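To be precise, the following lines are coords-v6.pdb, and they hold PDB, C-alpha atoms.
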MODEL        1
ATOM      1  CA  MET A1000     -73.572  -2.265  23.425
ATOM      2  CA  TYR A1001     -70.787  -2.316  26.006
ATOM      3  CA  VAL A1002     -67.586  -0.282  25.930
ATOM      4  CA  ILE A1003     -64.410  -0.859  27.923
ATOM      5  CA  THR A1004     -62.191   2.178  28.380
ATOM      6  CA  CYS A1005     -58.670   1.223  29.401
ATOM      7  CA  TYR A1006     -56.098   3.719  30.673
ATOM      8  CA  VAL A1007     -52.870   1.907  29.813
ATOM      9  CA  LYS A1008     -50.146   4.514  30.312
ATOM     10  CA  LYS A1009     -50.052   8.193  31.051
ATOM     11  CA  GLY A1010     -51.890   9.795  28.159
ATOM     12  CA  GLU A1011     -52.732   6.513  26.411
ATOM     13  CA  ILE A1012     -56.358   5.382  26.269
ATOM     14  CA  LYS A1013     -57.750   2.347  24.436
ATOM     15  CA  MET A1014     -61.435   1.628  23.904
ATOM     16  CA  TYR A1015     -63.039  -1.706  23.071
ATOM     17  CA  GLU A1016     -66.632  -2.255  21.921
ATOM     18  CA  PHE A1017     -68.697  -5.414  22.559
ATOM     19  CA  ASP A1018     -72.208  -6.563  21.687
ATOM     20  CA  SER A1019     -72.838  -8.616  24.834
ATOM     21  CA  LYS A1020     -72.151  -8.112  28.521
ATOM     22  CA  GLU A1021     -70.641 -11.594  28.895
ATOM     23  CA  GLU A1022     -68.145 -10.934  26.110
ATOM     24  CA  ALA A1023     -67.144  -7.602  27.678
ATOM     25  CA  LEU A1024     -66.737  -9.099  31.158
ATOM     26  CA  SER A1025     -64.534 -11.924  29.898
ATOM     27  CA  GLN A1026     -62.255  -9.431  28.142
ATOM     28  CA  LEU A1027     -62.275  -7.085  31.153
ATOM     29  CA  LYS A1028     -60.524  -9.754  33.257
ATOM     30  CA  ARG A1029     -57.637  -9.927  30.763
ATOM     31  CA  LEU A1030     -56.929  -6.202  30.436
ATOM     32  CA  LYS A1031     -54.284  -4.485  32.522
ATOM     33  CA  GLY A1032     -54.405  -0.925  33.764
ATOM     34  CA  CYS A1033     -57.359   1.090  35.001
ATOM     35  CA  THR A1034     -60.483  -0.134  33.197
ATOM     36  CA  ILE A1035     -64.068   1.115  33.095
ATOM     37  CA  LEU A1036     -66.978  -0.925  31.727
ATOM     38  CA  SER A1037     -69.885   1.149  30.374
ATOM     39  CA  GLU A1038     -73.232   0.175  28.877
ATOM     40  CA  VAL A1039     -74.305   2.372  25.987
ATOM     41  CA  VAL A1040     -78.075   2.822  25.662
ATOM     42  CA  TYR A1041     -79.622   4.618  22.724
ATOM     43  CA  PHE A1042     -82.923   6.372  23.388
ATOM     44  CA  ASN A1043     -84.245   5.387  19.972
ATOM     45  CA  ASP A1044     -83.736   1.677  20.803
ATOM     46  CA  LEU A1045     -87.216   0.110  20.985
ATOM     47  CA  SER A1046     -86.043  -2.739  23.221
ATOM     48  CA  VAL A1047     -85.250  -0.341  26.093
ATOM     49  CA  VAL A1048     -88.198   0.479  28.325
ATOM     50  CA  PRO A1049     -87.747   3.572  30.534
ATOM     51  CA  ILE A1050     -88.788   3.134  34.172
ATOM     52  CA  ALA A1051     -89.468   6.014  36.558
ATOM     53  CA  ILE A1052     -88.673   5.563  40.232
TER      54      ILE A1052
ENDMDL
END
Reformat the file's structure so that it appears as structure tokens.
Amino acid sequence: MYVITCYVKKGEIKMYEFDSKEEALSQLKRLKGCTILSEVVYFNDLSVVPIAI
């Protein structure tokens, strides 16, 4: 899951949730203001494989 946090005005925050990275990136280009794209990973998700460096 991907979340875009958009700081529109002073004190106003909007958040958008997307299922795919491509969908989030296409919307990110259209948003105005300071935006942050985050990937949300759940530790109980079996498709995520932890890797130690």
**Report entry** Interatomic distance (Å, one decimal) between atom CA of Asp1018 of chain A and atom CA of Val1039 of chain A
**Finding:**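 Here the two named atoms are 10.1 Å from each other.
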Report task. Please provide the set of residues having any atom within 12 Å of Gly1032 of chain A, restricted to all atoms listed in the file, with same-chain residues fewer than 4 positions apart removed, written as an NGL selection string. Result -> :A and (1003-1009 or 1011-1013 or 1027-1028)
Query raised in the report: Taking into account all atoms listed in the file, which residue in the set A:Glu1022, A:Val1002, A:Ser1046, A:Gly1010 is nearest to Thr1034 of chain A?
Result: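 Result for the nearest residue to Thr1034 of chain A: A:Val1002.
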Requested in this report: Output the residue selection produced by the PyMOL selection byres ((chain A and resi 1000) around 8) on the file above, formatted as a ChimeraX atom specification.
Outcome: /A:1001-1002,1016-1020,1038-1040
Given 8 Å on each side, where is the centre and what are the edge lengths in Å to one decimal of the axis-aligned box enclosing the listed atoms of segment 1005-1015 of chain A, as JSON?
{"center_x": -56.5, "center_y": 4.0, "center_z": 27.1, "size_x": 29.0, "size_y": 27.5, "size_z": 24.0}
